[in-house]
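Student: Sharing a structure here in structure tokens format.
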Amino acid sequence: MITFFVGLLILFVGYIFYSKYVENQFSPDGRKTPALAVCDGVDYVPLSASKNMLIHLLNIAGLGPILGVIQGILFGPIAFILIPLGCIFMGGVHDYFSAMISMRNNGAQITELIQKYLGQNFFRIFLIIVSIMLLLLASVFVFTSGDIMAERFFAQKDFSLDNPIMLIIYSVIALYYIFAALFPIDKIIGKFYPFFAATLIIGSLLVVIGFFVKGVNLQEISFSNFNVHPNKLHLLPMFFMTISCGLLSGFHSTQAAIISRTVKTEFEGKKIFYGMMCVECLIAMIWAAAAMHVYSFNLVPENLIGSANVINVIADTFVAPWLAFVVTIAVVVLPITSGDTALRALRMTIADAINLKQNLLLNRLKIIIPIAILIVGILIWAKNNNGSFTLIWRYFTFVNQLIAVPSFLFASIFLYKNKKNYFITLIPGLFYIYITTSFICNAQIGFNLSYQISQILGLILTFVSLFFIVNILNKNKDDTEADFGKISKQ
């Protein structure tokens, strides 16, 4: 378990020291935050730091830190090193600056920040991309969480819409999503999330306890097992596309804007945004270790390796039967609490784009009702077409990592304007330009080019992007960053 513990050491030491350095580059101060300056009782509501931490953790921790690492650990023990390194130098940095720059701009969504820092053309493109991603995510998480609940708690094997039990489960989850997205953040999300968070933490702790009670078999990193993926997938770019939550996820920028509107002081930002990203990484490390163990002992049928079914195998392996349901609940909580805030973020993104105030319930309904109809349509299509979930998830994985790129870029411009170290965001941004472009060039869902050509094209586009970014930075050479930006919500 030496490699695993080295990874944990990287995570803890990295948070203690590097997060402080990142915070110093942003330089939080005592100015009024949007929660206090633009309080509307719906989205702009001051909440305590502890409540914001719990809400943000559950917002960002979808199925990624579990399902992603169940697939990602197939690359081998290198995952125990790359996950925490990615979290400290990329994921935590991305989440912190996405949230704090949003806070400096009245809680602006990522799309508005793209418009401000990168221009109108990028805004139009990413407004569509982000909206589609959030819509697909909310839709997919309705039936993924519903399927897990139906199998574990109701012993269902038929997950089609012909099964009335499935219709009831999906309807209840969808209605919860709608109410959570409609009501003020402190009325539903603020009330239920502490309970959900406790379940998530307890479920993960039960798995850890199982490591010590029942033992866990983990491989150590070596040159011979640097990449042992059974399907011969390349570490670059596939590892960084497979594992998102826990390492880096562009989706987090859409969730950071939600909490940027509820934070009382900028000094709480490090523990809320950078800190909760590290907690998510810790959860990912736990489930990666558990997955490696069950794979090592061939406890998972070959056709189910890397699938969500591994979750139940892990629960049954490390947790007593009478407590295994707690682990399942913890897993179900993740897609539910990310799906509802994905819908909320979509409402806020559309409202900001069309300048529709959200302090009136009628205005919120004008956005939510059409979205709800689309979600029902996607759900029906997905359940009636085999393999649709896999297809949606693959495209979501690509888009999820793609939207991390503009977040890094506008953070670089922000830091450059403030004469701070912009390389801490520019280098990860360039790296993910290479990762996403080389992936989509090579992937079957993309251009299906050879691996070698895809790598070359990825590198070329990365250098072209660097030239483009340098030009943007030169144009902003004499500019200074205005307090709270130019975006107004009221």
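Each chain in the structure tokens gets a letter, A, B and so on, in the order shown; residues start at 1 in every chain, and ligands are counted from 1 in the order they appear.
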Going by DSSP on the backbone, which bits of segment 240-321 of chain A are helix (DSSP H, G or I)? Write them as a ChimeraX atom specification, please.
Tutor: /A:240-242,251-259,266-296,302-304,309-318
Student: Check which residues of segment 244-300 of chain A sit at most 12 Å from segment 107-122 of chain A using only C-alpha atoms, and return one row each with the closest pair of atoms and their distance in Å to one decimal, ordered by chain and rising number, as a tab-separated table.
Tutor:
residue	atom	partner	partner_atom	distance
A:Gly250	CA	A:Ile110	CA	10.0
A:Phe251	CA	A:Ile110	CA	10.0
A:His252	CA	A:Ile110	CA	10.0
A:Ser253	CA	A:Ile110	CA	6.4
A:Thr254	CA	A:Ile110	CA	6.2
A:Gln255	CA	A:Gln109	CA	8.9
A:Ala256	CA	A:Gln109	CA	8.6
A:Ala257	CA	A:Gln109	CA	5.5
A:Ile258	CA	A:Gly107	CA	7.4
A:Ile259	CA	A:Gly107	CA	8.3
A:Ser260	CA	A:Gly107	CA	5.4
A:Arg261	CA	A:Gly107	CA	5.2
A:Thr262	CA	A:Gly107	CA	8.9
A:Val263	CA	A:Gly107	CA	9.9
Student: In terms of the shortest atom-to-atom distance over only C-alpha atoms, which of A:Ile286, A:Ala79, A:Leu127, A:Ala180 is closest to Asp352 of chain A?
Tutor: A:Leu127
Student: Please provide the set of residues having any atom within 8 Å of Phe211 of chain A, restricted to only C-alpha atoms, with same-chain residues fewer than 4 positions apart removed, written as a list in words.
Tutor: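 Selected residues are Val207, Gly215, Val216, Ala290 and Phe318 of chain A.
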Student: Enter the distance from atom CA of Leu200 of chain A to atom CA of Ile188 of chain A, in Å, rounded to one decimal.
Tutor: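 For atom CA of Leu200 of chain A relative to atom CA of Ile188 of chain A, the distance reads 17.9 Å.
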Student: What's around Gly14 of chain A at 12 Å? Count only C-alpha atoms, leave out sequence neighbours fewer than 3 positions away in its own chain, and write the answer as an MDAnalysis selection string.
Tutor: chainID A and resid 6:11 17:22 84:93 274:275 278 281
Student: At a cut-off of 12 Å, using only C-alpha atoms, what residues contact Val310 of chain A? Leave out same-chain residues fewer than 6 positions from it and give the result as a VMD selection string.
Tutor: chain A and resid 66 to 71 148 287 to 288 290 to 295 298 to 304 316 to 317 328 331
Student: Give me, please, the distance in Å between atom CA of Glu151 of chain A and atom CA of His56 of chain A, quoted to one decimal.
Tutor: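 Computing it gives 28.1 Å between the two atoms.
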Student: When you draw a straight line from atom CA of Ile81 of chain A to atom CA of Phe5 of chain A, how long is it in Å?
Tutor: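 Rounded to one decimal, the two atoms are 9.4 Å apart.
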Student: Residues near Asn52 of chain A, anyone? I mean within 10 Å using only C-alpha atoms, not counting same-chain ones fewer than 3 positions away, as an MDAnalysis selection string.
Tutor: chainID A and resid 46:49 55:58 190 193:194 258:260 262:264 268:269 271:273 276
Student: Near Ile378 of chain A, within 12 Å and counting only C-alpha atoms, which residues show up once chain neighbours fewer than 2 positions away are dropped, as a PyMOL selection string?
Tutor: chain A and resi 132+135-143+371-376+380-385+388-389+392
Student: Closest to Pro335 of chain A among A:Ser131, A:Thr437, A:Thr144, A:Asn106, using only C-alpha atoms?
Tutor: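 The answer is A:Thr144, which sits nearest to Pro335 of chain A.
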